[in-house]
Each structure stands twice: as structure tokens, then as C-alpha cells.
file structure.csv (CSV, N, CA and C atoms)
chain,number,residue,atom,x,y,z
A,10,MET,N,22.0,51.8,-6.3
A,10,MET,CA,21.0,51.0,-5.5
A,10,MET,C,21.6,50.8,-4.1
A,11,THR,N,20.9,51.0,-3.1
A,11,THR,CA,21.4,50.8,-1.8
A,11,THR,C,21.4,49.3,-1.4
A,12,VAL,N,22.2,48.9,-0.4
A,12,VAL,CA,22.2,47.5,0.1
A,12,VAL,C,20.8,47.1,0.4
A,13,ARG,N,20.1,47.9,1.1
A,13,ARG,CA,18.7,47.5,1.5
A,13,ARG,C,17.8,47.2,0.3
A,14,ALA,N,17.9,48.0,-0.8
A,14,ALA,CA,17.1,47.8,-2.0
A,14,ALA,C,17.5,46.5,-2.7
A,15,VAL,N,18.9,46.3,-2.7
A,15,VAL,CA,19.3,45.0,-3.3
A,15,VAL,C,18.8,43.8,-2.5
A,16,PHE,N,18.9,43.9,-1.2
A,16,PHE,CA,18.4,42.8,-0.3
A,16,PHE,C,16.9,42.6,-0.5
A,17,LEU,N,16.1,43.7,-0.6
A,17,LEU,CA,14.7,43.6,-0.8
A,17,LEU,C,14.4,43.0,-2.2
A,18,SER,N,15.1,43.3,-3.2
A,18,SER,CA,15.0,42.8,-4.5
A,18,SER,C,15.2,41.3,-4.5
A,19,LEU,N,16.3,40.8,-3.8
A,19,LEU,CA,16.6,39.4,-3.7
A,19,LEU,C,15.5,38.6,-3.0
A,20,VAL,N,15.0,39.2,-1.9
A,20,VAL,CA,13.9,38.6,-1.1
A,20,VAL,C,12.7,38.4,-2.0
A,21,LEU,N,12.3,39.5,-2.7
A,21,LEU,CA,11.1,39.4,-3.6
A,21,LEU,C,11.3,38.4,-4.7
A,22,ALA,N,12.5,38.3,-5.2
A,22,ALA,CA,12.8,37.4,-6.3
A,22,ALA,C,12.7,36.0,-5.8
A,23,LEU,N,13.2,35.7,-4.6
A,23,LEU,CA,13.2,34.4,-4.0
A,23,LEU,C,11.7,34.0,-3.7
A,24,PHE,N,10.9,34.8,-3.1
A,24,PHE,CA,9.5,34.5,-2.9
A,24,PHE,C,8.7,34.3,-4.2
A,25,GLY,N,9.0,35.2,-5.1
A,25,GLY,CA,8.4,35.0,-6.4
A,25,GLY,C,8.7,33.7,-7.1
A,26,SER,N,9.9,33.2,-7.0
A,26,SER,CA,10.3,32.0,-7.6
A,26,SER,C,9.7,30.8,-6.9
A,27,VAL,N,9.6,30.9,-5.6
A,27,VAL,CA,8.9,29.9,-4.8
A,27,VAL,C,7.5,29.7,-5.2
A,28,GLY,N,6.8,30.8,-5.4
A,28,GLY,CA,5.4,30.8,-5.9
A,28,GLY,C,5.3,30.1,-7.3
A,29,VAL,N,6.2,30.5,-8.1
A,29,VAL,CA,6.2,29.9,-9.5
A,29,VAL,C,6.5,28.4,-9.4
A,30,ALA,N,7.5,28.0,-8.6
A,30,ALA,CA,7.8,26.6,-8.4
A,30,ALA,C,6.6,25.8,-7.9
A,31,SER,N,5.9,26.4,-6.9
A,31,SER,CA,4.7,25.7,-6.4
A,31,SER,C,3.6,25.6,-7.5
A,32,GLU,N,3.5,26.6,-8.3
A,32,GLU,CA,2.5,26.6,-9.4
A,32,GLU,C,2.9,25.5,-10.4
A,33,ASP,N,4.2,25.5,-10.8
A,33,ASP,CA,4.7,24.4,-11.7
A,33,ASP,C,4.4,23.0,-11.2
A,34,LYS,N,4.7,22.8,-9.9
A,34,LYS,CA,4.4,21.5,-9.3
A,34,LYS,C,2.9,21.2,-9.3
A,35,GLN,N,2.1,22.2,-9.0
A,35,GLN,CA,0.7,21.9,-9.1
A,35,GLN,C,0.2,21.6,-10.5
A,36,GLU,N,0.7,22.3,-11.5
A,36,GLU,CA,0.4,22.0,-12.8
A,36,GLU,C,0.8,20.6,-13.2
A,37,ALA,N,2.0,20.2,-12.9
A,37,ALA,CA,2.5,18.8,-13.2
A,37,ALA,C,1.6,17.8,-12.5
A,38,ALA,N,1.3,18.0,-11.2
A,38,ALA,CA,0.5,17.1,-10.5
A,38,ALA,C,-0.9,17.0,-11.1
A,39,LYS,N,-1.5,18.1,-11.5
A,39,LYS,CA,-2.8,18.1,-12.1
A,39,LYS,C,-2.8,17.3,-13.4
A,40,LYS,N,-1.8,17.4,-14.2
A,40,LYS,CA,-1.7,16.6,-15.4
A,40,LYS,C,-1.6,15.1,-15.1
A,41,ALA,N,-0.8,14.8,-14.1
A,41,ALA,CA,-0.7,13.4,-13.7
A,41,ALA,C,-2.1,12.9,-13.2
A,42,ALA,N,-2.8,13.7,-12.4
A,42,ALA,CA,-4.1,13.3,-11.8
A,42,ALA,C,-5.1,13.1,-13.0
A,43,LEU,N,-5.1,14.0,-13.9
A,43,LEU,CA,-6.1,13.9,-15.0
A,43,LEU,C,-5.8,12.6,-15.9
A,44,ALA,N,-4.5,12.3,-16.1
A,44,ALA,CA,-4.2,11.1,-16.9
A,44,ALA,C,-4.6,9.9,-16.1
A,45,TRP,N,-4.4,9.9,-14.8
A,45,TRP,CA,-4.8,8.8,-14.0
A,45,TRP,C,-6.3,8.6,-13.9
A,46,LEU,N,-7.0,9.8,-13.8
A,46,LEU,CA,-8.5,9.7,-13.8
A,46,LEU,C,-9.0,9.2,-15.1
A,47,ALA,N,-8.3,9.5,-16.2
A,47,ALA,CA,-8.8,9.0,-17.5
A,47,ALA,C,-8.8,7.4,-17.5
A,48,LEU,N,-7.8,6.8,-16.8
A,48,LEU,CA,-7.8,5.4,-16.7
A,48,LEU,C,-9.0,4.9,-15.9
A,49,ILE,N,-9.3,5.6,-14.8
A,49,ILE,CA,-10.5,5.2,-14.0
A,49,ILE,C,-11.8,5.4,-14.9
A,50,ASP,N,-11.9,6.5,-15.6
A,50,ASP,CA,-13.1,6.8,-16.4
A,50,ASP,C,-13.3,5.7,-17.4
A,51,SER,N,-12.2,5.2,-18.0
A,51,SER,CA,-12.3,4.1,-19.0
A,51,SER,C,-12.4,2.7,-18.5
A,52,GLY,N,-12.5,2.6,-17.1
A,52,GLY,CA,-12.6,1.3,-16.5
A,52,GLY,C,-11.3,0.5,-16.5
A,53,GLU,N,-10.2,1.2,-16.7
A,53,GLU,CA,-8.9,0.5,-16.6
A,53,GLU,C,-8.3,0.6,-15.2
A,54,TYR,N,-9.0,-0.1,-14.3
A,54,TYR,CA,-8.7,0.0,-12.9
A,54,TYR,C,-7.3,-0.7,-12.6
A,55,GLY,N,-7.0,-1.8,-13.2
A,55,GLY,CA,-5.7,-2.4,-13.0
A,55,GLY,C,-4.6,-1.5,-13.4
A,56,ALA,N,-4.8,-0.8,-14.5
A,56,ALA,CA,-3.8,0.1,-15.0
A,56,ALA,C,-3.6,1.3,-14.1
A,57,SER,N,-4.7,1.7,-13.5
A,57,SER,CA,-4.7,2.9,-12.5
A,57,SER,C,-3.9,2.5,-11.3
A,58,TRP,N,-4.0,1.2,-10.9
A,58,TRP,CA,-3.2,0.8,-9.7
A,58,TRP,C,-1.7,0.7,-10.1
A,59,GLU,N,-1.4,0.2,-11.3
A,59,GLU,CA,0.0,0.2,-11.8
A,59,GLU,C,0.6,1.6,-11.9
A,60,GLN,N,-0.2,2.6,-12.3
A,60,GLN,CA,0.3,3.9,-12.4
A,60,GLN,C,0.4,4.7,-11.1
A,61,ALA,N,-0.1,4.1,-10.0
A,61,ALA,CA,-0.2,4.9,-8.8
A,61,ALA,C,1.1,4.9,-8.1
A,62,ALA,N,1.2,5.8,-7.1
A,62,ALA,CA,2.5,5.9,-6.3
A,62,ALA,C,2.7,4.6,-5.4
A,63,ARG,N,4.0,4.4,-5.1
A,63,ARG,CA,4.3,3.3,-4.2
A,63,ARG,C,3.6,3.3,-2.9
A,64,LEU,N,3.4,4.5,-2.4
A,64,LEU,CA,2.6,4.6,-1.1
A,64,LEU,C,1.2,4.1,-1.3
A,65,PHE,N,0.5,4.4,-2.4
A,65,PHE,CA,-0.8,3.9,-2.7
A,65,PHE,C,-0.8,2.3,-2.8
A,66,LYS,N,0.2,1.8,-3.5
A,66,LYS,CA,0.3,0.3,-3.7
A,66,LYS,C,0.6,-0.4,-2.4
A,67,MET,N,1.3,0.3,-1.4
A,67,MET,CA,1.6,-0.3,-0.1
A,67,MET,C,0.3,-0.4,0.7
A,68,GLN,N,-0.6,0.5,0.5
A,68,GLN,CA,-1.8,0.5,1.3
A,68,GLN,C,-2.9,-0.4,0.8
A,69,VAL,N,-3.0,-0.7,-0.5
A,69,VAL,CA,-4.0,-1.5,-1.1
A,69,VAL,C,-3.4,-2.3,-2.3
A,70,GLY,N,-3.8,-3.6,-2.2
A,70,GLY,CA,-3.3,-4.5,-3.3
A,70,GLY,C,-4.1,-4.2,-4.6
A,71,ALA,N,-3.6,-4.7,-5.7
A,71,ALA,CA,-4.2,-4.5,-7.0
A,71,ALA,C,-5.6,-5.0,-7.1
A,72,GLU,N,-5.8,-6.2,-6.6
A,72,GLU,CA,-7.2,-6.9,-6.7
A,72,GLU,C,-8.2,-6.1,-5.8
A,73,ALA,N,-7.7,-5.8,-4.6
A,73,ALA,CA,-8.6,-5.0,-3.7
A,73,ALA,C,-9.0,-3.7,-4.2
A,74,TRP,N,-8.0,-3.0,-4.8
A,74,TRP,CA,-8.2,-1.7,-5.5
A,74,TRP,C,-9.3,-1.8,-6.6
A,75,GLU,N,-9.1,-2.8,-7.4
A,75,GLU,CA,-10.0,-3.0,-8.6
A,75,GLU,C,-11.4,-3.2,-8.1
A,76,LYS,N,-11.6,-4.0,-7.1
A,76,LYS,CA,-12.9,-4.2,-6.5
A,76,LYS,C,-13.5,-2.9,-5.9
A,77,ALA,N,-12.7,-2.2,-5.1
A,77,ALA,CA,-13.2,-1.0,-4.4
A,77,ALA,C,-13.5,0.1,-5.4
A,78,VAL,N,-12.7,0.3,-6.4
A,78,VAL,CA,-13.0,1.4,-7.3
A,78,VAL,C,-14.1,1.1,-8.2
A,79,GLN,N,-14.2,-0.2,-8.6
A,79,GLN,CA,-15.4,-0.6,-9.4
A,79,GLN,C,-16.7,-0.4,-8.7
A,80,SER,N,-16.7,-0.8,-7.4
A,80,SER,CA,-18.0,-0.6,-6.7
A,80,SER,C,-18.3,0.8,-6.4
A,81,ALA,N,-17.3,1.7,-6.3
A,81,ALA,CA,-17.5,3.1,-6.0
A,81,ALA,C,-17.9,3.9,-7.2
A,82,ARG,N,-17.3,3.6,-8.4
A,82,ARG,CA,-17.5,4.4,-9.5
A,82,ARG,C,-18.5,3.9,-10.5
A,83,ARG,N,-18.6,2.6,-10.7
A,83,ARG,CA,-19.5,2.0,-11.7
A,83,ARG,C,-21.0,2.5,-11.5
A,84,PRO,N,-21.6,2.6,-10.3
A,84,PRO,CA,-22.9,3.1,-10.2
A,84,PRO,C,-23.2,4.5,-10.7
A,85,PHE,N,-22.1,5.3,-10.8
A,85,PHE,CA,-22.2,6.7,-11.2
A,85,PHE,C,-22.4,6.8,-12.7
A,86,GLY,N,-22.0,5.8,-13.5
A,86,GLY,CA,-22.1,5.8,-14.9
A,86,GLY,C,-21.0,6.6,-15.5
A,87,ALA,N,-21.2,7.0,-16.8
A,87,ALA,CA,-20.1,7.6,-17.5
A,87,ALA,C,-19.9,9.1,-17.0
A,88,LEU,N,-18.7,9.5,-17.1
A,88,LEU,CA,-18.3,10.9,-16.8
A,88,LEU,C,-18.9,11.8,-17.8
A,89,MET,N,-19.6,12.9,-17.4
A,89,MET,CA,-20.1,13.9,-18.3
A,89,MET,C,-19.2,15.1,-18.3
A,90,SER,N,-18.7,15.5,-17.1
A,90,SER,CA,-17.8,16.7,-17.1
A,90,SER,C,-17.0,16.6,-15.8
A,91,ARG,N,-15.9,17.3,-15.8
A,91,ARG,CA,-15.1,17.4,-14.6
A,91,ARG,C,-14.3,18.7,-14.7
A,92,ARG,N,-14.3,19.4,-13.6
A,92,ARG,CA,-13.5,20.7,-13.5
A,92,ARG,C,-12.8,20.8,-12.2
A,93,ILE,N,-11.6,21.4,-12.2
A,93,ILE,CA,-10.9,21.5,-11.0
A,93,ILE,C,-11.5,22.6,-10.1
A,94,ALA,N,-11.7,22.3,-8.9
A,94,ALA,CA,-12.3,23.2,-7.9
A,94,ALA,C,-11.2,23.9,-7.1
A,95,THR,N,-10.3,23.0,-6.5
A,95,THR,CA,-9.2,23.5,-5.7
A,95,THR,C,-7.9,22.8,-5.9
A,96,SER,N,-6.8,23.4,-5.7
A,96,SER,CA,-5.5,22.8,-5.8
A,96,SER,C,-4.6,23.3,-4.6
A,97,HIS,N,-4.0,22.4,-3.9
A,97,HIS,CA,-3.2,22.9,-2.7
A,97,HIS,C,-2.0,22.1,-2.6
A,98,TYR,N,-0.8,22.7,-2.7
A,98,TYR,CA,0.5,22.1,-2.6
A,98,TYR,C,0.8,22.0,-1.1
A,99,THR,N,1.4,20.9,-0.6
A,99,THR,CA,1.7,20.7,0.8
A,99,THR,C,2.9,19.7,0.9
A,100,THR,N,3.6,19.7,2.0
A,100,THR,CA,4.6,18.7,2.2
A,100,THR,C,4.2,17.8,3.4
A,101,THR,N,3.1,18.0,4.0
A,101,THR,CA,2.6,17.1,5.0
A,101,THR,C,1.1,16.8,4.8
A,102,LEU,N,0.8,15.6,5.2
A,102,LEU,CA,-0.6,15.2,5.2
A,102,LEU,C,-0.8,14.2,6.3
A,103,PRO,N,-2.0,14.3,7.0
A,103,PRO,CA,-2.2,13.4,8.1
A,103,PRO,C,-2.1,11.9,7.7
A,104,GLY,N,-1.4,11.2,8.4
A,104,GLY,CA,-1.2,9.7,8.2
A,104,GLY,C,-0.3,9.4,7.0
A,105,ALA,N,0.4,10.3,6.5
A,105,ALA,CA,1.3,10.1,5.3
A,105,ALA,C,2.7,10.6,5.7
A,106,PRO,N,3.7,10.0,5.1
A,106,PRO,CA,5.0,10.5,5.3
A,106,PRO,C,5.2,11.9,4.7
A,107,ASP,N,6.1,12.6,5.3
A,107,ASP,CA,6.4,13.9,4.7
A,107,ASP,C,6.9,13.7,3.2
A,108,GLY,N,6.5,14.6,2.4
A,108,GLY,CA,6.9,14.6,1.0
A,108,GLY,C,6.3,15.7,0.3
A,109,GLU,N,6.2,15.6,-1.0
A,109,GLU,CA,5.5,16.7,-1.8
A,109,GLU,C,4.2,16.2,-2.4
A,110,TYR,N,3.2,16.8,-2.0
A,110,TYR,CA,1.8,16.4,-2.4
A,110,TYR,C,1.0,17.6,-3.0
A,111,VAL,N,0.1,17.3,-3.8
A,111,VAL,CA,-0.9,18.3,-4.3
A,111,VAL,C,-2.2,17.7,-4.1
A,112,VAL,N,-3.1,18.3,-3.3
A,112,VAL,CA,-4.4,17.9,-3.0
A,112,VAL,C,-5.3,18.6,-4.0
A,113,LEU,N,-5.9,17.9,-4.9
A,113,LEU,CA,-6.8,18.4,-5.9
A,113,LEU,C,-8.2,18.0,-5.7
A,114,GLN,N,-9.2,18.9,-5.8
A,114,GLN,CA,-10.6,18.6,-5.7
A,114,GLN,C,-11.2,19.0,-7.0
A,115,PHE,N,-11.9,18.0,-7.6
A,115,PHE,CA,-12.6,18.2,-8.8
A,115,PHE,C,-14.1,18.1,-8.6
A,116,GLU,N,-14.9,19.0,-9.3
A,116,GLU,CA,-16.3,18.9,-9.3
A,116,GLU,C,-16.6,18.1,-10.6
A,117,ALA,N,-17.4,17.0,-10.4
A,117,ALA,CA,-17.7,16.1,-11.5
A,117,ALA,C,-19.2,15.9,-11.7
A,118,LYS,N,-19.6,15.6,-12.9
A,118,LYS,CA,-20.9,15.2,-13.2
A,118,LYS,C,-20.8,13.9,-13.9
A,119,PHE,N,-21.7,13.0,-13.5
A,119,PHE,CA,-21.7,11.7,-14.1
A,119,PHE,C,-23.1,11.4,-14.6
A,120,GLU,N,-23.2,10.4,-15.5
A,120,GLU,CA,-24.5,10.0,-16.0
A,120,GLU,C,-25.6,9.8,-15.0
A,121,ASN,N,-25.2,9.1,-13.9
A,121,ASN,CA,-26.2,8.8,-12.8
A,121,ASN,C,-26.0,9.6,-11.5
A,122,LYS,N,-25.1,10.6,-11.6
A,122,LYS,CA,-24.8,11.3,-10.4
A,122,LYS,C,-24.5,12.8,-10.8
A,123,ALA,N,-25.5,13.7,-10.5
A,123,ALA,CA,-25.4,15.0,-11.0
A,123,ALA,C,-24.2,15.8,-10.5
A,124,SER,N,-23.9,15.5,-9.2
A,124,SER,CA,-22.8,16.3,-8.6
A,124,SER,C,-22.0,15.4,-7.6
A,125,ALA,N,-20.7,15.4,-7.9
A,125,ALA,CA,-19.8,14.6,-7.1
A,125,ALA,C,-18.5,15.4,-6.9
A,126,THR,N,-17.8,15.1,-5.8
A,126,THR,CA,-16.5,15.7,-5.6
A,126,THR,C,-15.5,14.6,-5.5
A,127,GLU,N,-14.5,14.7,-6.4
A,127,GLU,CA,-13.4,13.8,-6.4
A,127,GLU,C,-12.2,14.5,-5.8
A,128,THR,N,-11.6,13.8,-4.8
A,128,THR,CA,-10.3,14.3,-4.3
A,128,THR,C,-9.2,13.4,-4.7
A,129,VAL,N,-8.2,13.9,-5.4
A,129,VAL,CA,-7.1,13.2,-5.9
A,129,VAL,C,-5.9,13.8,-5.4
A,130,THR,N,-5.0,13.0,-4.8
A,130,THR,CA,-3.7,13.5,-4.2
A,130,THR,C,-2.5,12.9,-4.9
A,131,PRO,N,-2.0,13.6,-5.9
A,131,PRO,CA,-0.7,13.1,-6.4
A,131,PRO,C,0.4,13.5,-5.5
A,132,MET,N,1.5,12.7,-5.5
A,132,MET,CA,2.7,13.0,-4.7
A,132,MET,C,3.9,12.8,-5.6
A,133,LEU,N,5.0,13.4,-5.3
A,133,LEU,CA,6.2,13.3,-6.0
A,133,LEU,C,6.8,12.0,-5.6
A,134,ASP,N,6.9,11.0,-6.5
A,134,ASP,CA,7.3,9.6,-6.2
A,134,ASP,C,8.5,9.3,-7.1
A,135,ASP,N,9.7,9.3,-6.6
A,135,ASP,CA,10.9,9.1,-7.4
A,135,ASP,C,11.0,10.1,-8.5
A,136,GLY,N,10.7,11.3,-8.3
A,136,GLY,CA,10.8,12.4,-9.3
A,136,GLY,C,9.6,12.4,-10.3
A,137,THR,N,8.6,11.6,-10.1
A,137,THR,CA,7.4,11.6,-11.0
A,137,THR,C,6.2,11.8,-10.2
A,138,TRP,N,5.3,12.6,-10.6
A,138,TRP,CA,4.0,12.8,-9.9
A,138,TRP,C,3.1,11.6,-10.2
A,139,ARG,N,2.7,10.9,-9.1
A,139,ARG,CA,1.8,9.8,-9.2
A,139,ARG,C,0.8,9.9,-8.1
A,140,VAL,N,-0.4,9.4,-8.4
A,140,VAL,CA,-1.5,9.5,-7.4
A,140,VAL,C,-1.3,8.6,-6.2
A,141,SER,N,-1.5,9.2,-5.1
A,141,SER,CA,-1.3,8.5,-3.8
A,141,SER,C,-2.6,8.3,-3.1
A,142,GLY,N,-3.7,9.0,-3.5
A,142,GLY,CA,-4.9,8.8,-2.9
A,142,GLY,C,-6.1,9.3,-3.8
A,143,TYR,N,-7.2,8.6,-3.6
A,143,TYR,CA,-8.4,9.0,-4.4
A,143,TYR,C,-9.6,8.8,-3.5
A,144,TYR,N,-10.5,9.7,-3.5
A,144,TYR,CA,-11.8,9.7,-2.7
A,144,TYR,C,-12.9,10.3,-3.5
A,145,ILE,N,-14.0,9.7,-3.6
A,145,ILE,CA,-15.1,10.3,-4.3
A,145,ILE,C,-16.4,10.3,-3.4
A,146,ARG,N,-17.1,11.4,-3.4
A,146,ARG,CA,-18.3,11.5,-2.7
A,146,ARG,C,-19.3,12.4,-3.5

call {"tool": "encode", "arguments": {"input": "structure.csv", "output": "C-alpha cells"}}
result
Amino acid sequence: MTVRAVFLSLVLALFGSVGVASEDKQEAAKKAALAWLALIDSGEYGASWEQAARLFKMQVGAEAWEKAVQSARRPFGALMSRRIATSHYTTTLPGAPDGEYVVLQFEAKFENKASATETVTPMLDDGTWRVSGYYIR
């Protein structure tokens, strides 16, 4: 094997492992997001705040979060279905410190809302994926 072939093999292996690492991070972030959404779905808003990232907690207090999420989600009724539409790993987000984030968009159907988009943004927070943002429209 020539030096060039060895170099090319190493470069391909490096890029391949970066892709796998990103996919692993996205999968871990997705699991964290779904567990957190299950709290929201069951009306455990206080627990969802407790499980959120430090960045999330710094931006909204527990009581304010509970009121905001209750008023945003309760009118939709019970969750009927949810599926992931997009997943994007990034290290930068507007208005947020640099870090590791996965921006997930879910297509959801609720009892009183036939089509909604939920955007959930887990971040790596002290080695654990925790939700740092939630938006529903």
C-alpha cells in the first residue's frame, strides 16, 4: 500500500467516525428529548423543568415555565402521535453559548390540533443530554 493510499484510508476513517459520532449524539439527544416530552405529555410540567438543562433553567423559572407550557399545550388536548421530522447536530445556535446541540423537529397530532410542529433542542449539559429549548406551533 502506498503512502497516499494509507493517508486516504486514514482520512476516510476519520470522516466516517465523525459521522458516526454525530449520529450517536443525535440518537442520545433524541432519546432525552422523547423522555422529556413524555413529561410534558403527562402534564408533569414541574418535572420537565427539573429535567431541563441549566441554560433552560437560567432563562425561565419553574413557576413561569409551568404556566407558559400549560397555557401552550393544554388547549391541544392529548397527544395522538408524534414522529421526528428533522434532526440537526450543531455547536452554535443564535443567542446561545457554544456547545453541543441537536435541534429536533417533530410532527405531532393532538386531540384538538391536527397538525403541530414541536421543536426541541437538547444540549450536552455536564455530559448528559438535557432539553435547553422547546417551541410548539

call {"tool": "closest_residue", "arguments": {"input": "structure.csv", "among": "A:Ala61, A:Ile49, A:Ala77, A:Met89", "to": "Thr130 in chain A", "atoms": "only C-alpha atoms"}}
result
A:Ala61

call {"tool": "select_by_dssp", "arguments": {"input": "structure.csv", "residues": "chain A", "states": "alpha helix (DSSP H)", "output": "PyMOL selection string"}}
result
chain A and resi 12-50+54-60+63-68+71-82

call {"tool": "atom_distance", "arguments": {"input": "structure.csv", "atom1": "atom N of Asp50 in chain A", "atom2": "atom C of Arg82 in chain A"}}
result
8.7 Å

call {"tool": "atom_distance", "arguments": {"input": "structure.csv", "atom1": "CA of Ala41 in chain A", "atom2": "CA of Ala123 in chain A"}}
result
24.9 Å

call {"tool": "atom_distance", "arguments": {"input": "structure.csv", "atom1": "atom N of Trp45 in chain A", "atom2": "CA of Gln114 in chain A"}}
result
14.0 Å

call {"tool": "residues_around", "arguments": {"input": "structure.csv", "residues": "Arg63 in chain A", "least_positions_apart": "3", "cutoff": "8 Å", "atoms": "all atoms listed in the file", "output": "ChimeraX atom specification"}}
result
/A:60,66-68,134-135,139-141

call {"tool": "select_by_dssp", "arguments": {"input": "structure.csv", "residues": "chain A", "states": "strand (DSSP E or B)", "output": "JSON, numbers by chain"}}
result
{"A": [88, 89, 90, 91, 92, 93, 94, 95, 96, 97, 98, 99, 110, 111, 112, 113, 114, 115, 116, 117, 118, 119, 122, 123, 124, 125, 126, 127, 128, 129, 130, 131, 132, 133, 134, 137, 138, 139, 140, 141, 142, 143, 144, 145]}

call {"tool": "closest_residue", "arguments": {"input": "structure.csv", "among": "A:Ala81, A:Val69, A:Leu88, A:Leu46", "to": "Ala117 in chain A", "atoms": "only N, CA and C atoms"}}
result
A:Leu88

call {"tool": "residues_around", "arguments": {"input": "structure.csv", "residues": "Lys39 in chain A", "least_positions_apart": "5", "cutoff": "8 Å", "atoms": "all atoms listed in the file", "output": "list of chain:residue names"}}
result
A:Asp33, A:Lys34, A:Ala44, A:Trp45, A:Val111, A:Leu113, A:Pro131, A:Trp138

call {"tool": "closest_residue", "arguments": {"input": "structure.csv", "among": "A:Ala94, A:Ala38, A:Leu133, A:Ala87", "to": "Gly108 in chain A", "atoms": "only C-alpha atoms"}}
result
A:Leu133

call {"tool": "residues_near_point", "arguments": {"input": "structure.csv", "point": "(-23.2, 6.7, -17.6)", "cutoff": "7 Å", "atoms": "only C-alpha atoms", "output": "list in words"}}
result
Phe85, Gly86, Ala87, Leu88, Phe119, Glu120 and Asn121 of chain A
